[in-house]
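Novice: What follows is a single structure, and I will ask about it in a moment.
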Amino acid sequence: MKILVFNGSPKKDKSDTMHITRAFLAGIKEKISPEVKVINVIDSHIEYCRGCFTCKLNGGTCVYDDDMKMILLEIIASDLLIFNFPLYCYGMPAPLKALVDRTLPLSSMRMKWDGNRYIHVGQADFSHLHYLMICGCGFPNSRNNFEPMVAQFKLLFPQNYTIITVPESPMFNAPEATGVTQPRLELVQKAGKQYAERWGIDDELLREIGSPMIPEETYAAIVNSNAC
């Protein structure tokens, strides 16, 4: 299995959410020996898409000659794409959104009906690709929070997707919270092991991973006590 991780956090290796991704990869490695590449998106030279659609008309060549040229080749050669990022304004951080926008060369201007909507026809067969979203946030729970990003991810990648959302994720970078974060990371590692076995994770395990680690009111009080 070839795994490509897009770390969308501006904090790079110090990302709260990367703790979750590393635990997930550790679970995968219990079953198989994958080839893993991590791209810190903020370090990549990725121009903003200018919406000219040249790539969709010429067979997939973008007008920009930047890091996306190699990233697109990495995507095509991968089996699993992991999008690791903190929730920003109920969506992706800007550098990661720029990367996603620049995947337009993978599709053409042609459209087809796909069950309940029209989609653009791909420039190649990408059915081998699987997609995993690992998203953390600083709120105490998941309600009225992750829903916009979850909806977008499902529309972007309607096949072979898995979504892990974790509230209270700043605690993963707090050594004093190890008592509650370590058991959660062990659940994530279990999820990675399941995923390696069958490209999926039990719904109950996903719900457990996505639940608050400490009571919502307690977490909110801790955050507020440290606020300016």
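Residue numbers start at 1 in each chain; chains themselves are named A, B, ... in the order of the structure tokens; ligands are numbered from 1 in the order shown.
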Name the residues of range 56-140 of chain A that come out as strand (DSSP E) in a backbone DSSP run; write them as a VMD selection string.
Specialist: chain A and resid 80 to 86 107 to 113 118 to 122 130 to 136
Novice: For those residues, write N, CA and C atoms to a file as a compact mmCIF listing (two decimals), in the first residue's frame.
Specialist:
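Final file, again-v7.txt:
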```txt
# COMPACT_ATOMS: atom_id res chain seq x y z
N LEU A 80 -3.80 5.28 -1.05
CA LEU A 80 -4.56 5.96 -0.02
C LEU A 80 -4.05 7.38 0.14
N LEU A 81 -4.98 8.33 0.08
CA LEU A 81 -4.67 9.73 0.36
C LEU A 81 -5.25 10.08 1.73
N ILE A 82 -4.40 10.53 2.63
CA ILE A 82 -4.84 10.96 3.96
C ILE A 82 -4.77 12.47 4.02
N PHE A 83 -5.90 13.11 4.29
CA PHE A 83 -5.96 14.56 4.44
C PHE A 83 -6.02 14.85 5.94
N ASN A 84 -4.91 15.29 6.48
CA ASN A 84 -4.78 15.59 7.91
C ASN A 84 -4.82 17.11 8.09
N PHE A 85 -5.78 17.61 8.86
CA PHE A 85 -5.85 19.06 9.03
C PHE A 85 -6.73 19.45 10.20
N PRO A 86 -6.47 20.64 10.77
CA PRO A 86 -7.37 21.20 11.78
C PRO A 86 -8.53 21.91 11.09
N SER A 107 -9.38 15.99 -13.81
CA SER A 107 -10.70 15.82 -14.43
C SER A 107 -10.78 16.63 -15.72
N SER A 108 -11.77 16.30 -16.53
CA SER A 108 -11.95 16.97 -17.81
C SER A 108 -13.20 17.86 -17.77
N MET A 109 -13.44 18.58 -18.83
CA MET A 109 -14.65 19.41 -18.90
C MET A 109 -15.90 18.56 -19.15
N ARG A 110 -15.71 17.35 -19.67
CA ARG A 110 -16.86 16.50 -19.94
C ARG A 110 -17.58 16.12 -18.65
N MET A 111 -18.88 15.99 -18.75
CA MET A 111 -19.69 15.65 -17.58
C MET A 111 -20.47 14.38 -17.82
N LYS A 112 -20.84 13.73 -16.72
CA LYS A 112 -21.71 12.56 -16.80
C LYS A 112 -22.61 12.52 -15.59
N TRP A 113 -23.75 11.84 -15.76
CA TRP A 113 -24.69 11.67 -14.65
C TRP A 113 -24.19 10.51 -13.78
N TYR A 118 -24.48 15.43 -11.52
CA TYR A 118 -23.49 15.42 -12.59
C TYR A 118 -22.10 15.61 -12.00
N ILE A 119 -21.13 14.91 -12.57
CA ILE A 119 -19.74 15.06 -12.17
C ILE A 119 -18.88 15.20 -13.42
N HIS A 120 -17.68 15.74 -13.24
CA HIS A 120 -16.74 15.82 -14.36
C HIS A 120 -16.07 14.45 -14.55
N VAL A 121 -15.87 14.07 -15.79
CA VAL A 121 -15.23 12.79 -16.12
C VAL A 121 -13.73 12.91 -15.87
N GLY A 122 -13.15 11.93 -15.21
CA GLY A 122 -11.73 11.95 -14.90
C GLY A 122 -10.86 11.80 -16.14
N HIS A 130 -8.22 5.48 -2.45
CA HIS A 130 -9.05 5.58 -1.26
C HIS A 130 -8.71 6.89 -0.57
N TYR A 131 -9.67 7.43 0.17
CA TYR A 131 -9.54 8.77 0.72
C TYR A 131 -9.90 8.76 2.21
N LEU A 132 -9.04 9.34 3.02
CA LEU A 132 -9.28 9.40 4.47
C LEU A 132 -9.12 10.83 4.94
N MET A 133 -10.12 11.34 5.62
CA MET A 133 -10.07 12.66 6.23
C MET A 133 -9.88 12.48 7.73
N ILE A 134 -8.81 13.07 8.26
CA ILE A 134 -8.57 13.09 9.70
C ILE A 134 -8.55 14.56 10.11
N CYS A 135 -9.59 14.97 10.78
CA CYS A 135 -9.78 16.39 11.09
C CYS A 135 -10.02 16.58 12.58
N GLY A 136 -9.26 17.46 13.18
CA GLY A 136 -9.46 17.79 14.59
C GLY A 136 -9.91 19.23 14.74
```
Novice: Write down as a PyMOL selection string the residues belonging to range 68-178 of chain A that are assigned helix (DSSP H, G or I) by DSSP computed on the backbone.
Specialist: chain A and resi 68-77+94-101+104-106+147-156+169-173+175-178
Novice: Restricted to C-alpha atoms, what would the selected residues look like written as an mmCIF file, in the first residue's frame?
Specialist:
```cif
data_model
loop_
_atom_site.group_PDB
_atom_site.id
_atom_site.type_symbol
_atom_site.label_atom_id
_atom_site.label_comp_id
_atom_site.auth_asym_id
_atom_site.auth_seq_id
_atom_site.Cartn_x
_atom_site.Cartn_y
_atom_site.Cartn_z
ATOM 1 C CA MET A 68 1.567 20.529 -7.921
ATOM 2 C CA LYS A 69 3.025 18.891 -11.005
ATOM 3 C CA MET A 70 4.856 16.343 -8.835
ATOM 4 C CA ILE A 71 2.037 16.149 -6.272
ATOM 5 C CA LEU A 72 -0.445 15.122 -8.981
ATOM 6 C CA LEU A 73 1.905 12.330 -10.029
ATOM 7 C CA GLU A 74 2.175 11.233 -6.391
ATOM 8 C CA ILE A 75 -1.626 11.188 -6.094
ATOM 9 C CA ILE A 76 -2.056 9.004 -9.156
ATOM 10 C CA ALA A 77 0.596 6.561 -7.913
ATOM 11 C CA ALA A 94 -6.133 27.794 3.011
ATOM 12 C CA PRO A 95 -2.928 26.006 1.861
ATOM 13 C CA LEU A 96 -4.712 22.646 1.756
ATOM 14 C CA LYS A 97 -7.722 24.149 -0.017
ATOM 15 C CA ALA A 98 -5.343 25.568 -2.638
ATOM 16 C CA LEU A 99 -3.929 22.077 -3.162
ATOM 17 C CA VAL A 100 -7.391 20.566 -3.554
ATOM 18 C CA ASP A 101 -8.364 23.297 -6.021
ATOM 19 C CA LEU A 104 -8.604 20.093 -11.387
ATOM 20 C CA PRO A 105 -6.142 18.663 -13.966
ATOM 21 C CA LEU A 106 -7.273 15.196 -12.904
ATOM 22 C CA GLU A 147 -20.735 19.014 9.237
ATOM 23 C CA PRO A 148 -19.777 21.458 6.418
ATOM 24 C CA MET A 149 -16.339 19.884 5.996
ATOM 25 C CA VAL A 150 -17.743 16.359 6.119
ATOM 26 C CA ALA A 151 -20.267 17.254 3.410
ATOM 27 C CA GLN A 152 -17.562 18.786 1.220
ATOM 28 C CA PHE A 153 -15.269 15.770 1.593
ATOM 29 C CA LYS A 154 -18.050 13.385 0.601
ATOM 30 C CA LEU A 155 -18.795 15.468 -2.496
ATOM 31 C CA LEU A 156 -15.113 15.685 -3.415
ATOM 32 C CA SER A 169 -7.783 17.947 19.624
ATOM 33 C CA PRO A 170 -5.462 20.608 21.153
ATOM 34 C CA MET A 171 -5.188 18.266 24.126
ATOM 35 C CA PHE A 172 -2.992 15.945 22.048
ATOM 36 C CA ASN A 173 -0.213 18.524 22.370
ATOM 37 C CA PRO A 175 1.507 16.542 28.144
ATOM 38 C CA GLU A 176 -0.725 16.956 31.186
ATOM 39 C CA ALA A 177 -3.648 15.489 29.208
ATOM 40 C CA THR A 178 -1.895 12.193 28.413
#
```
Novice: Which of these residues is nearest to Leu205 in chain A, using only C-alpha atoms: A:Thr54, A:Asn226, A:Thr165, A:Thr218?
Specialist: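 Comparing A:Thr54, A:Asn226, A:Thr165, A:Thr218 against Leu205 in chain A, the winner is A:Thr165.
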Novice: To one decimal in Å, tell me the separation between CA of Tyr48 in chain A and CA of Tyr88 in chain A.
Specialist: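 One can read the CA of Tyr48 in chain A to CA of Tyr88 in chain A distance as 18.1 Å.
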Novice: Find the distance between CA of Ile164 in chain A and CA of Val188 in chain A and write it in Å to one decimal.
Specialist: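 The value is 9.1 Å.
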Novice: In Å, rounded to a single decimal, give me how far CA of Val166 in chain A is from CA of Asp43 in chain A.
Specialist: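 Those two atoms sit 24.8 Å apart.
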Novice: Please determine, counting only C-alpha atoms, which residue among A:Asn144, A:Ser225, A:Ser33, A:Ser127 has the shortest atom-to-atom distance to Asn160 in chain A.
Specialist: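 Between A:Asn144, A:Ser225, A:Ser33, A:Ser127, the residue approaching Asn160 in chain A most closely is A:Ser127.
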Novice: Considering only C-alpha atoms, state which residue in the set A:Pro93, A:Pro183, A:Pro167, A:Gly27 is at the smallest distance from Ser142 in chain A.
Specialist: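 The closest residue to Ser142 in chain A is A:Pro167.
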